[in-house]
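J.: For reference, the structure I am asking about is given below.
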Amino acid sequence: MKKIIHFITAFAFFAMLLSCGKNSQNGTKKQGALSSNAAEKVYVAPGEYDEFYAFISGGFSGQLAVYGLPSGRLFKVIPVFSQDAEKAWGYNEETKPMLNTSHGFVPWDDLHHPDISQTNGLLDGRWVFVNGNNTPRIAKIDLTTFETTEIIELPNSAGNHSSSFVTENTEYVVAGTRFSVPIPQKDIPIKDYKGNFKGALSFIAIDPEDGGMDLKFQIMMPGFDYDLAHPGRGASHGWFFFSTYNTEEASTLMEVNASQNDKDFIAAVNWKKAEEYISAGKGKKMPAQYAHNVYNDQTHMATSTIKDEVLMLDASELPGLVYLLPTPKSPHGCDVDPSGQYIVGSGKLSANLTVHSFQKMLAAIEAKNFDGEAYGIPILKFDDVLAGVVDQAGLGPLHTEFDGKGNAYTSFFISSEVVKWKLGTWEVLDRQPCYYSVGHLMIPGGNSREPFGQYVVAMNKITKDRYLPTGPEVTQSAQLYDISGDKMELLLDFPTVGEPHYAAGIRADIVMKNSRKIFKLEENDHPFAIKSESETKVVRDGNVVHVYMSTIRSHFSPDNIEGIKVGDKVYFHVTNLEQDYDVPHGISMIGANTSELLIMPGQTETFLWEPKEVGVWPFYCTDFCSALHQEMQGYVRVSPAGSALPLSWSLGED
Amino acid sequence: MKLKKSNSIMLLASVSILGLFLFPLWNITLEAPQYPIPLGMDIYINDFADANPHDIKNINLMNHYVGMKYIPESIPEFKIFPAVIIVMSIIGLFLSFKANHKWFLSWFVVMLVLAVAGIYDFYLWEHDYGHNLDPKAIMKFTNPDGSIMGFQPPLFGSKDILNFRAHSYPQLGAYFLAFGMFLSLVAFWIGKKTNPKTNESH
């Protein structure tokens, strides 16, 4: 017996050695199933619900993934910026306009930063806003349907990175530009960057009723790189903070040349002041081409409009609009605490965290105590605005979240860890390793006045050996920590879709009650919708044929079509007549040069088929809808181009 | 004019049965694992109604697999039953003002006969609905004895039908009817006690 106890003790000691690693200076850590009930804490029994939704960006996948916390289970991948053959996103005729831009159809983007709409500084769970980094766009996802319903392109931007963060009443979704560019674009030597390249910050007004997006104004800024941003809240509501790097204004070998300045800036933008300037007529309208794409849940179709003008405010010419807060070493994260009092700059090439005080900033502005200016924008003195420094907290700080209990949690990319520290005293309280190279963190409700300070999710850039290997490309990963106690506890690793750059989380009950079950058939205003099988028909207009088709368990109507000719353009407009929860139907036609359709109850979707060969060609239901799903199929007869065979269609006629 | 106690109760009885126009008479609910919110149909005196939106459409969709007919939009009973109830209510009101307790008993007996007839009619419809199946039904089921399986919901109570558990129970409208009938009996009783043959007045 004694032997066994010895063995267990030795084993436990060995396990502790393994798990503590470099963090043993802070004493022993609770970690792993040996010393805790981590499994119990993330276990959501079959049929029960997770406590939180997590919307985790897919990065280069271009999509947004919906997970449950604490289980880490994946519920849905919402197509946003990338075509998705599974859901016909960007393939069917209805959603193609959603991916239109001033550059034409762009079927992919790099989705980075989700943020959830707010009312009075609290998450209201109506919409999620996300940014497309590459061809600058902001998308809105409606949380009643969990579908992308609006995408607006941003002119004068390039690398839409410091985006898409909402103000505390969702007055604006704000976006910055990572790459400065000539504004307007022109043919100039790249080496003429300095002074000729500019950065534009975009303020997109949100309609409080339907969430409609409107690019209200842009602010012309010096040619820095605008990295991340966050809104002020509480006392600092009305301000927006942007981190910058490359204040050197270099244009080549950036890793060196953009890292020379000891301090870059956090730009504090007074958007209330911007509104005053606009009212006073100080904005200048400038030509700009950008797409505004809107999806309508009644017509089940998107429209794309190209806009041609934007209202520009020049920060160099309008006093009081922008101030620059010196912040060490190319700050990445620019995070505002729940009270709105502190602005945390994570100088990613530094070991320290810099915390600015909003009150001190106001006082310094009042005293006009400036340390020079950059392109006419006043630079405040570092010491005047500094609230405190979290000293030697780790290596490569990136992003800070808050638990609403006075604590902050910062990710450190280089030292691969999450560090918990205290606002006000700036002391480090705890640290936990990440596997590996954490980027951003997410506490549900983190970007609001009242975070739900129970969990923090770390999104890692590298996984190496953490999961079963899958060839050279291995899964991306998130990690869940319990932060309800004094010490953080790693509970769970879970794989993610694409690269998880950033996330937003919300208590499930705020969102789930609004989730739609079906689309009402009587509200379907699609121009090719039919409301019953009696309305199904096939109509020819020259070589264009419109099939008004319906689906209901377990047949298509019509399921036999004749009179189609080689060279026709056949549009299948398929309405799902079901009005029952979770009964979608799919359809796909042999040889169609597009994806399937996946049609929700009450919805109409369209695919184009251009038959190239004479014959009889089948189509079928692609979503297992019912016991007779396998019988849900039909035929189209294709005759030669000059055939005189009239159109006919039928269902159930022998 | 002041009504006697028994006549007042009869008045209440006559009005009570009009509750059938406000509340469903009967409800049939179908439970299955795939329907965490069960499918349900409320039967009003003049209508079939969804318990939750689109339930009847979805019941029809389920039932077509075994060859059951669609639940009709309307049936002749939806015209006859309301007329009967209105006539009985008017007669009851008339009696409560003009007649003595013996008439109340008569009213009760007539109402009882009509109610039983109504339930029998409901049973006949249910039987037809559950047994008169399309010969081209997608799925045909037989009982252990080889006969064709019927899918008649229970008249009253709960029953397993294939993957569903069917519940059939009276609803508030039926309770109003029963309460009205009970009151007419009470009216008769009190009238009989307080109105001896001498017909003395208060």
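The way I read the labels, and the way they are meant: chains A, B, ... in the order of the structure tokens, residue 1 as the first residue of every chain, and ligand 1 as the first ligand shown, with later ones counted on from there.
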Compute the set of chain B residues within 9 Å of chain A, using only C-alpha atoms, and express it as a list in words.
T.: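 Close to chain A, chain B has Pro53, His54, Asp55, Lys57, Asn58, Leu61, Met62, Tyr65 and Ile138 of chain B.
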J.: Give me the residues near A:Val173 as a PDB file with N, CA and C atoms, in the first residue's frame, where near means some atom within 12 Å (using only C-alpha atoms) and where sequence neighbours in that chain fewer than 6 positions away do not count.
T.:
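And here is the file that came out, result02.pdb:
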ATOM      1  N   HIS A 113     -11.901  40.133 -37.316  1.00  0.00           N
ATOM      2  CA  HIS A 113     -12.316  40.569 -35.976  1.00  0.00           C
ATOM      3  C   HIS A 113     -13.826  40.700 -35.832  1.00  0.00           C
ATOM      4  N   PRO A 114     -14.482  39.711 -35.251  1.00  0.00           N
ATOM      5  CA  PRO A 114     -15.921  39.839 -34.998  1.00  0.00           C
ATOM      6  C   PRO A 114     -16.189  40.723 -33.777  1.00  0.00           C
ATOM      7  N   ASP A 115     -17.259  41.490 -33.849  1.00  0.00           N
ATOM      8  CA  ASP A 115     -17.704  42.248 -32.683  1.00  0.00           C
ATOM      9  C   ASP A 115     -19.233  42.254 -32.688  1.00  0.00           C
ATOM     10  N   ILE A 116     -19.818  42.142 -31.491  1.00  0.00           N
ATOM     11  CA  ILE A 116     -21.274  41.997 -31.373  1.00  0.00           C
ATOM     12  C   ILE A 116     -21.891  43.354 -31.072  1.00  0.00           C
ATOM     13  N   SER A 117     -23.056  43.609 -31.640  1.00  0.00           N
ATOM     14  CA  SER A 117     -23.724  44.905 -31.443  1.00  0.00           C
ATOM     15  C   SER A 117     -24.058  45.133 -29.971  1.00  0.00           C
ATOM     16  N   GLN A 118     -24.132  46.420 -29.597  1.00  0.00           N
ATOM     17  CA  GLN A 118     -24.352  46.794 -28.199  1.00  0.00           C
ATOM     18  C   GLN A 118     -25.455  47.833 -28.076  1.00  0.00           C
ATOM     19  N   TRP A 127     -26.537  41.643 -33.937  1.00  0.00           N
ATOM     20  CA  TRP A 127     -25.707  41.428 -35.119  1.00  0.00           C
ATOM     21  C   TRP A 127     -24.258  41.178 -34.704  1.00  0.00           C
ATOM     22  N   VAL A 128     -23.549  40.485 -35.574  1.00  0.00           N
ATOM     23  CA  VAL A 128     -22.097  40.410 -35.452  1.00  0.00           C
ATOM     24  C   VAL A 128     -21.515  41.128 -36.663  1.00  0.00           C
ATOM     25  N   PHE A 129     -20.556  41.987 -36.435  1.00  0.00           N
ATOM     26  CA  PHE A 129     -19.862  42.666 -37.522  1.00  0.00           C
ATOM     27  C   PHE A 129     -18.469  42.066 -37.661  1.00  0.00           C
ATOM     28  N   VAL A 130     -18.051  41.865 -38.905  1.00  0.00           N
ATOM     29  CA  VAL A 130     -16.722  41.298 -39.149  1.00  0.00           C
ATOM     30  C   VAL A 130     -16.058  42.047 -40.299  1.00  0.00           C
ATOM     31  N   ASN A 131     -14.732  42.001 -40.317  1.00  0.00           N
ATOM     32  CA  ASN A 131     -14.003  42.696 -41.374  1.00  0.00           C
ATOM     33  C   ASN A 131     -13.343  41.726 -42.332  1.00  0.00           C
ATOM     34  N   ARG A 137     -13.598  45.233 -46.583  1.00  0.00           N
ATOM     35  CA  ARG A 137     -15.047  45.130 -46.493  1.00  0.00           C
ATOM     36  C   ARG A 137     -15.447  44.910 -45.042  1.00  0.00           C
ATOM     37  N   ILE A 138     -16.650  45.348 -44.714  1.00  0.00           N
ATOM     38  CA  ILE A 138     -17.250  45.036 -43.417  1.00  0.00           C
ATOM     39  C   ILE A 138     -18.544  44.297 -43.702  1.00  0.00           C
ATOM     40  N   ALA A 139     -18.758  43.202 -42.978  1.00  0.00           N
ATOM     41  CA  ALA A 139     -19.994  42.433 -43.164  1.00  0.00           C
ATOM     42  C   ALA A 139     -20.795  42.434 -41.883  1.00  0.00           C
ATOM     43  N   LYS A 140     -22.084  42.318 -42.054  1.00  0.00           N
ATOM     44  CA  LYS A 140     -22.995  42.212 -40.913  1.00  0.00           C
ATOM     45  C   LYS A 140     -23.674  40.846 -40.963  1.00  0.00           C
ATOM     46  N   ILE A 152     -20.348  45.903 -46.891  1.00  0.00           N
ATOM     47  CA  ILE A 152     -20.012  47.204 -47.470  1.00  0.00           C
ATOM     48  C   ILE A 152     -18.500  47.265 -47.670  1.00  0.00           C
ATOM     49  N   LEU A 154     -14.922  49.269 -48.327  1.00  0.00           N
ATOM     50  CA  LEU A 154     -14.378  50.523 -47.818  1.00  0.00           C
ATOM     51  C   LEU A 154     -13.381  51.103 -48.817  1.00  0.00           C
ATOM     52  N   SER A 162      -7.756  47.273 -38.595  1.00  0.00           N
ATOM     53  CA  SER A 162      -8.176  47.791 -37.266  1.00  0.00           C
ATOM     54  C   SER A 162      -9.691  47.957 -37.252  1.00  0.00           C
ATOM     55  N   SER A 163     -10.375  46.855 -37.426  1.00  0.00           N
ATOM     56  CA  SER A 163     -11.799  46.819 -37.693  1.00  0.00           C
ATOM     57  C   SER A 163     -12.324  45.523 -37.077  1.00  0.00           C
ATOM     58  N   SER A 164     -13.550  45.249 -36.881  1.00  0.00           N
ATOM     59  CA  SER A 164     -14.736  46.055 -37.101  1.00  0.00           C
ATOM     60  C   SER A 164     -15.406  46.228 -35.744  1.00  0.00           C
ATOM     61  N   PHE A 165     -15.018  47.262 -35.029  1.00  0.00           N
ATOM     62  CA  PHE A 165     -15.421  47.401 -33.628  1.00  0.00           C
ATOM     63  C   PHE A 165     -16.559  48.395 -33.492  1.00  0.00           C
ATOM     64  N   VAL A 166     -17.500  48.075 -32.586  1.00  0.00           N
ATOM     65  CA  VAL A 166     -18.707  48.887 -32.476  1.00  0.00           C
ATOM     66  C   VAL A 166     -18.614  49.830 -31.276  1.00  0.00           C
ATOM     67  N   THR A 167     -19.241  50.989 -31.422  1.00  0.00           N
ATOM     68  CA  THR A 167     -19.364  51.920 -30.311  1.00  0.00           C
ATOM     69  C   THR A 167     -20.469  51.426 -29.391  1.00  0.00           C
ATOM     70  N   LEU A 201      -9.554  56.284 -41.837  1.00  0.00           N
ATOM     71  CA  LEU A 201     -10.341  55.590 -40.812  1.00  0.00           C
ATOM     72  C   LEU A 201     -11.806  55.754 -41.192  1.00  0.00           C
ATOM     73  N   SER A 202     -12.541  54.647 -41.188  1.00  0.00           N
ATOM     74  CA  SER A 202     -13.922  54.669 -41.700  1.00  0.00           C
ATOM     75  C   SER A 202     -14.927  54.518 -40.567  1.00  0.00           C
ATOM     76  N   PHE A 203     -15.951  55.358 -40.608  1.00  0.00           N
ATOM     77  CA  PHE A 203     -17.033  55.297 -39.614  1.00  0.00           C
ATOM     78  C   PHE A 203     -18.325  54.936 -40.345  1.00  0.00           C
ATOM     79  N   ILE A 204     -18.798  53.714 -40.071  1.00  0.00           N
ATOM     80  CA  ILE A 204     -19.992  53.204 -40.749  1.00  0.00           C
ATOM     81  C   ILE A 204     -21.159  53.328 -39.782  1.00  0.00           C
ATOM     82  N   ALA A 205     -22.116  54.172 -40.136  1.00  0.00           N
ATOM     83  CA  ALA A 205     -23.285  54.357 -39.272  1.00  0.00           C
ATOM     84  C   ALA A 205     -24.199  53.143 -39.403  1.00  0.00           C
ATOM     85  N   ILE A 206     -24.771  52.732 -38.260  1.00  0.00           N
ATOM     86  CA  ILE A 206     -25.641  51.556 -38.241  1.00  0.00           C
ATOM     87  C   ILE A 206     -27.067  51.992 -37.938  1.00  0.00           C
ATOM     88  N   ASP A 207     -27.983  51.589 -38.789  1.00  0.00           N
ATOM     89  CA  ASP A 207     -29.391  51.908 -38.557  1.00  0.00           C
ATOM     90  C   ASP A 207     -29.875  51.123 -37.329  1.00  0.00           C
ATOM     91  N   GLY A 211     -30.172  47.612 -38.739  1.00  0.00           N
ATOM     92  CA  GLY A 211     -28.742  47.350 -38.821  1.00  0.00           C
ATOM     93  C   GLY A 211     -28.112  47.790 -40.129  1.00  0.00           C
ATOM     94  N   GLY A 212     -28.866  48.468 -40.963  1.00  0.00           N
ATOM     95  CA  GLY A 212     -28.357  48.904 -42.268  1.00  0.00           C
ATOM     96  C   GLY A 212     -27.082  49.727 -42.121  1.00  0.00           C
ATOM     97  N   MET A 213     -26.099  49.465 -42.983  1.00  0.00           N
ATOM     98  CA  MET A 213     -24.795  50.117 -42.876  1.00  0.00           C
ATOM     99  C   MET A 213     -24.670  51.244 -43.900  1.00  0.00           C
ATOM    100  N   ASP A 214     -24.085  52.338 -43.446  1.00  0.00           N
ATOM    101  CA  ASP A 214     -23.890  53.487 -44.319  1.00  0.00           C
ATOM    102  C   ASP A 214     -22.545  54.116 -43.968  1.00  0.00           C
ATOM    103  N   LEU A 215     -21.649  54.183 -44.941  1.00  0.00           N
ATOM    104  CA  LEU A 215     -20.335  54.782 -44.693  1.00  0.00           C
ATOM    105  C   LEU A 215     -20.519  56.287 -44.527  1.00  0.00           C
ATOM    106  N   LYS A 216     -20.587  56.713 -43.268  1.00  0.00           N
ATOM    107  CA  LYS A 216     -20.960  58.091 -42.959  1.00  0.00           C
ATOM    108  C   LYS A 216     -19.818  59.051 -43.285  1.00  0.00           C
ATOM    109  N   PHE A 217     -18.629  58.704 -42.801  1.00  0.00           N
ATOM    110  CA  PHE A 217     -17.486  59.568 -43.108  1.00  0.00           C
ATOM    111  C   PHE A 217     -16.186  58.800 -42.925  1.00  0.00           C
ATOM    112  N   GLN A 218     -15.126  59.364 -43.478  1.00  0.00           N
ATOM    113  CA  GLN A 218     -13.786  58.828 -43.250  1.00  0.00           C
ATOM    114  C   GLN A 218     -12.912  59.949 -42.708  1.00  0.00           C
ATOM    115  N   ALA A 229      -8.086  48.570 -32.937  1.00  0.00           N
ATOM    116  CA  ALA A 229      -8.842  49.711 -32.440  1.00  0.00           C
ATOM    117  C   ALA A 229      -9.836  49.253 -31.396  1.00  0.00           C
ATOM    118  N   HIS A 230     -10.260  50.169 -30.565  1.00  0.00           N
ATOM    119  CA  HIS A 230     -11.393  49.895 -29.682  1.00  0.00           C
ATOM    120  C   HIS A 230     -12.109  51.184 -29.323  1.00  0.00           C
ATOM    121  N   PRO A 231     -13.399  51.048 -29.049  1.00  0.00           N
ATOM    122  CA  PRO A 231     -14.181  52.242 -28.714  1.00  0.00           C
ATOM    123  C   PRO A 231     -13.975  52.644 -27.266  1.00  0.00           C
ATOM    124  N   PHE A 240     -12.546  57.081 -30.060  1.00  0.00           N
ATOM    125  CA  PHE A 240     -12.136  55.790 -30.589  1.00  0.00           C
ATOM    126  C   PHE A 240     -10.616  55.755 -30.621  1.00  0.00           C
ATOM    127  N   TRP A 271     -14.853  61.151 -32.185  1.00  0.00           N
ATOM    128  CA  TRP A 271     -15.834  61.072 -33.280  1.00  0.00           C
ATOM    129  C   TRP A 271     -17.056  61.955 -33.052  1.00  0.00           C
TER     130      TRP A 271
END
J.: Residues of stretch 89-250 of chain A in strand (DSSP E or B) according to DSSP, as a VMD selection string?
T.: chain A and resid 89 100 to 101 104 to 105 111 115 to 119 122 to 132 137 to 142 147 to 153 165 to 166 172 to 175 181 to 182 197 to 206 213 to 222 225 to 231 239 to 245
J.: For the selection you just gave me, I'd like the residues written to a file as a PDB file, in the first residue's frame, keeping C-alpha atoms.
T.:
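result-v2.pdb written:
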ATOM      1  CA  TRP A  89     -23.110  31.125 -50.846  1.00  0.00           C
ATOM      2  CA  ASN A 100     -19.382  42.036 -55.548  1.00  0.00           C
ATOM      3  CA  THR A 101     -16.838  44.820 -55.063  1.00  0.00           C
ATOM      4  CA  GLY A 104     -15.725  42.927 -59.486  1.00  0.00           C
ATOM      5  CA  PHE A 105     -16.592  39.551 -57.945  1.00  0.00           C
ATOM      6  CA  LEU A 111     -11.870  37.552 -41.937  1.00  0.00           C
ATOM      7  CA  ASP A 115     -17.704  42.248 -32.683  1.00  0.00           C
ATOM      8  CA  ILE A 116     -21.274  41.997 -31.373  1.00  0.00           C
ATOM      9  CA  SER A 117     -23.724  44.905 -31.443  1.00  0.00           C
ATOM     10  CA  GLN A 118     -24.352  46.794 -28.199  1.00  0.00           C
ATOM     11  CA  THR A 119     -27.000  48.903 -26.528  1.00  0.00           C
ATOM     12  CA  LEU A 122     -24.042  45.966 -23.150  1.00  0.00           C
ATOM     13  CA  LEU A 123     -24.158  43.238 -25.760  1.00  0.00           C
ATOM     14  CA  ASP A 124     -27.622  43.119 -27.319  1.00  0.00           C
ATOM     15  CA  GLY A 125     -26.943  40.080 -29.536  1.00  0.00           C
ATOM     16  CA  ARG A 126     -28.591  41.472 -32.663  1.00  0.00           C
ATOM     17  CA  TRP A 127     -25.707  41.428 -35.119  1.00  0.00           C
ATOM     18  CA  VAL A 128     -22.097  40.410 -35.452  1.00  0.00           C
ATOM     19  CA  PHE A 129     -19.862  42.666 -37.522  1.00  0.00           C
ATOM     20  CA  VAL A 130     -16.722  41.298 -39.149  1.00  0.00           C
ATOM     21  CA  ASN A 131     -14.003  42.696 -41.374  1.00  0.00           C
ATOM     22  CA  GLY A 132     -12.544  41.437 -44.601  1.00  0.00           C
ATOM     23  CA  ARG A 137     -15.047  45.130 -46.493  1.00  0.00           C
ATOM     24  CA  ILE A 138     -17.250  45.036 -43.417  1.00  0.00           C
ATOM     25  CA  ALA A 139     -19.994  42.433 -43.164  1.00  0.00           C
ATOM     26  CA  LYS A 140     -22.995  42.212 -40.913  1.00  0.00           C
ATOM     27  CA  ILE A 141     -24.306  38.858 -39.729  1.00  0.00           C
ATOM     28  CA  ASP A 142     -27.885  38.808 -38.547  1.00  0.00           C
ATOM     29  CA  GLU A 147     -26.524  34.600 -42.075  1.00  0.00           C
ATOM     30  CA  THR A 148     -24.564  37.412 -43.649  1.00  0.00           C
ATOM     31  CA  THR A 149     -27.079  40.045 -44.660  1.00  0.00           C
ATOM     32  CA  GLU A 150     -24.933  43.019 -45.611  1.00  0.00           C
ATOM     33  CA  ILE A 151     -21.418  43.739 -46.888  1.00  0.00           C
ATOM     34  CA  ILE A 152     -20.012  47.204 -47.470  1.00  0.00           C
ATOM     35  CA  GLU A 153     -16.706  47.848 -49.175  1.00  0.00           C
ATOM     36  CA  PHE A 165     -15.421  47.401 -33.628  1.00  0.00           C
ATOM     37  CA  VAL A 166     -18.707  48.887 -32.476  1.00  0.00           C
ATOM     38  CA  TYR A 172     -20.868  53.147 -35.671  1.00  0.00           C
ATOM     39  CA  VAL A 173     -18.867  50.192 -36.767  1.00  0.00           C
ATOM     40  CA  VAL A 174     -15.337  51.522 -37.116  1.00  0.00           C
ATOM     41  CA  ALA A 175     -12.624  50.370 -39.483  1.00  0.00           C
ATOM     42  CA  VAL A 181      -1.944  54.127 -49.859  1.00  0.00           C
ATOM     43  CA  PRO A 182      -2.089  57.167 -52.124  1.00  0.00           C
ATOM     44  CA  PHE A 197       0.601  57.900 -48.636  1.00  0.00           C
ATOM     45  CA  LYS A 198      -2.374  58.331 -46.299  1.00  0.00           C
ATOM     46  CA  GLY A 199      -4.468  56.197 -43.974  1.00  0.00           C
ATOM     47  CA  ALA A 200      -8.252  56.434 -43.871  1.00  0.00           C
ATOM     48  CA  LEU A 201     -10.341  55.590 -40.812  1.00  0.00           C
ATOM     49  CA  SER A 202     -13.922  54.669 -41.700  1.00  0.00           C
ATOM     50  CA  PHE A 203     -17.033  55.297 -39.614  1.00  0.00           C
ATOM     51  CA  ILE A 204     -19.992  53.204 -40.749  1.00  0.00           C
ATOM     52  CA  ALA A 205     -23.285  54.357 -39.272  1.00  0.00           C
ATOM     53  CA  ILE A 206     -25.641  51.556 -38.241  1.00  0.00           C
ATOM     54  CA  MET A 213     -24.795  50.117 -42.876  1.00  0.00           C
ATOM     55  CA  ASP A 214     -23.890  53.487 -44.319  1.00  0.00           C
ATOM     56  CA  LEU A 215     -20.335  54.782 -44.693  1.00  0.00           C
ATOM     57  CA  LYS A 216     -20.960  58.091 -42.959  1.00  0.00           C
ATOM     58  CA  PHE A 217     -17.486  59.568 -43.108  1.00  0.00           C
ATOM     59  CA  GLN A 218     -13.786  58.828 -43.250  1.00  0.00           C
ATOM     60  CA  ILE A 219     -10.929  60.559 -41.460  1.00  0.00           C
ATOM     61  CA  MET A 220      -7.772  61.173 -43.485  1.00  0.00           C
ATOM     62  CA  MET A 221      -4.743  60.309 -41.349  1.00  0.00           C
ATOM     63  CA  PRO A 222      -0.990  60.265 -41.818  1.00  0.00           C
ATOM     64  CA  ASP A 225      -0.237  51.441 -40.430  1.00  0.00           C
ATOM     65  CA  TYR A 226      -3.411  51.272 -38.349  1.00  0.00           C
ATOM     66  CA  ASP A 227      -3.394  47.964 -36.546  1.00  0.00           C
ATOM     67  CA  LEU A 228      -6.228  47.525 -34.053  1.00  0.00           C
ATOM     68  CA  ALA A 229      -8.842  49.711 -32.440  1.00  0.00           C
ATOM     69  CA  HIS A 230     -11.393  49.895 -29.682  1.00  0.00           C
ATOM     70  CA  PRO A 231     -14.181  52.242 -28.714  1.00  0.00           C
ATOM     71  CA  TRP A 239     -13.729  58.541 -28.594  1.00  0.00           C
ATOM     72  CA  PHE A 240     -12.136  55.790 -30.589  1.00  0.00           C
ATOM     73  CA  PHE A 241      -8.579  54.520 -30.143  1.00  0.00           C
ATOM     74  CA  PHE A 242      -6.385  53.095 -32.894  1.00  0.00           C
ATOM     75  CA  SER A 243      -2.978  51.521 -32.463  1.00  0.00           C
ATOM     76  CA  THR A 244      -0.401  52.342 -35.125  1.00  0.00           C
ATOM     77  CA  TYR A 245       2.938  51.011 -36.304  1.00  0.00           C
TER      78      TYR A 245
END
J.: Name the residues of stretch 312-375 of chain A that fall into helix (DSSP H, G or I) according to DSSP on the backbone, using the chain letters and numbers of this document, as a list in words.
T.: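 Taking stretch 312-375 of chain A and keeping helix (DSSP H, G or I) only, one gets Phe358, Gln359, Lys360, Met361, Leu362, Ala363, Ala364, Ile365 and Glu366 of chain A.
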J.: Using only C-alpha atoms, which residues sit within 8 Å of A:Gly59 once same-chain residues fewer than 3 positions away are excluded, as an MDAnalysis selection string?
T.: chainID A and resid 62:63 110:112 498:501
J.: Using Å and a single decimal, report how far atom CA of A:Cys621 sits from atom CA of A:Val547.
T.: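 Between these atoms lies a distance of 15.9 Å.
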J.: Would you list the contacts of stretch 440-452 of chain A as a PyMOL selection string, taking every protein, DNA or RNA residue within 8 Å and counting only C-alpha atoms, but skipping same-chain residues closer than 4 positions in sequence?
T.: chain A and resi 52+54+115+118+121-123+168+233-234+336-340+398-404+409-411+456-460+501-507
J.: Write the selection just made, keeping C-alpha atoms, as an mmCIF file, in the first residue's frame?
T.:
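Listing of again-v8.cif after writing:
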data_model
loop_
_atom_site.group_PDB
_atom_site.id
_atom_site.type_symbol
_atom_site.label_atom_id
_atom_site.label_comp_id
_atom_site.auth_asym_id
_atom_site.auth_seq_id
_atom_site.Cartn_x
_atom_site.Cartn_y
_atom_site.Cartn_z
ATOM 1 C CA PHE A 52 -22.172 30.947 -24.337
ATOM 2 C CA ALA A 54 -18.502 32.104 -29.361
ATOM 3 C CA ASP A 115 -17.704 42.248 -32.683
ATOM 4 C CA GLN A 118 -24.352 46.794 -28.199
ATOM 5 C CA GLY A 121 -22.561 49.449 -23.550
ATOM 6 C CA LEU A 122 -24.042 45.966 -23.150
ATOM 7 C CA LEU A 123 -24.158 43.238 -25.760
ATOM 8 C CA GLU A 168 -21.402 51.349 -27.202
ATOM 9 C CA ARG A 233 -17.085 53.587 -23.228
ATOM 10 C CA GLY A 234 -18.658 55.262 -20.235
ATOM 11 C CA VAL A 336 -10.298 49.834 -23.398
ATOM 12 C CA ASP A 337 -11.282 48.534 -19.978
ATOM 13 C CA PRO A 338 -14.976 48.121 -18.998
ATOM 14 C CA SER A 339 -15.030 51.490 -17.197
ATOM 15 C CA GLY A 340 -13.657 53.308 -20.232
ATOM 16 C CA LEU A 398 -0.678 41.389 -28.283
ATOM 17 C CA HIS A 399 -4.126 41.824 -26.866
ATOM 18 C CA THR A 400 -5.851 42.459 -23.552
ATOM 19 C CA GLU A 401 -9.320 41.433 -22.399
ATOM 20 C CA PHE A 402 -11.090 42.260 -19.137
ATOM 21 C CA ASP A 403 -13.178 40.195 -16.720
ATOM 22 C CA GLY A 404 -15.223 43.046 -15.247
ATOM 23 C CA TYR A 409 -5.732 39.264 -19.309
ATOM 24 C CA THR A 410 -3.057 39.806 -21.906
ATOM 25 C CA SER A 411 -1.847 37.397 -24.568
ATOM 26 C CA VAL A 456 -11.135 33.300 -21.493
ATOM 27 C CA VAL A 457 -10.509 31.755 -24.900
ATOM 28 C CA ALA A 458 -6.984 31.891 -26.279
ATOM 29 C CA MET A 459 -6.617 31.639 -30.047
ATOM 30 C CA ASN A 460 -3.338 30.094 -31.029
ATOM 31 C CA HIS A 501 -7.692 35.651 -35.259
ATOM 32 C CA TYR A 502 -10.210 37.057 -32.891
ATOM 33 C CA ALA A 503 -13.585 36.242 -31.411
ATOM 34 C CA ALA A 504 -16.628 37.620 -29.704
ATOM 35 C CA GLY A 505 -18.737 35.769 -27.160
ATOM 36 C CA ILE A 506 -22.139 36.301 -25.662
ATOM 37 C CA ARG A 507 -24.429 34.578 -23.160
#
J.: Residues at most 10 Å from A:Val389, counting only C-alpha atoms, excluding those fewer than 6 positions away in the same chain, as a CSV table (one decimal) with C-alpha atoms, in the first residue's frame?
T.:
chain,number,residue,atom,x,y,z
A,344,VAL,CA,-4.1,49.4,-22.8
A,345,GLY,CA,-1.4,49.4,-25.6
A,352,ASN,CA,6.0,45.8,-21.0
A,353,LEU,CA,2.3,46.8,-21.3
A,354,THR,CA,1.5,50.5,-21.5
A,355,VAL,CA,-1.7,51.7,-19.9
A,356,HIS,CA,-2.9,55.2,-20.8
A,424,GLY,CA,-4.7,50.1,-11.1
A,425,THR,CA,-1.8,48.3,-9.3
A,426,TRP,CA,-0.4,46.8,-12.5
A,427,GLU,CA,0.8,43.7,-10.7
J.: For B:Tyr44, which of B:Asp128, B:Asp160, B:Asp145, B:Glu77 is the closest residue, counting only C-alpha atoms?
T.: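 Checking each candidate against B:Tyr44, we get B:Glu77 as the closest.
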J.: Which residues come within 8 Å of B:Gly180, counting only C-alpha atoms, excluding same-chain residues fewer than 2 positions away, as a ChimeraX atom specification?
T.: /B:12-17,176-178,182-184
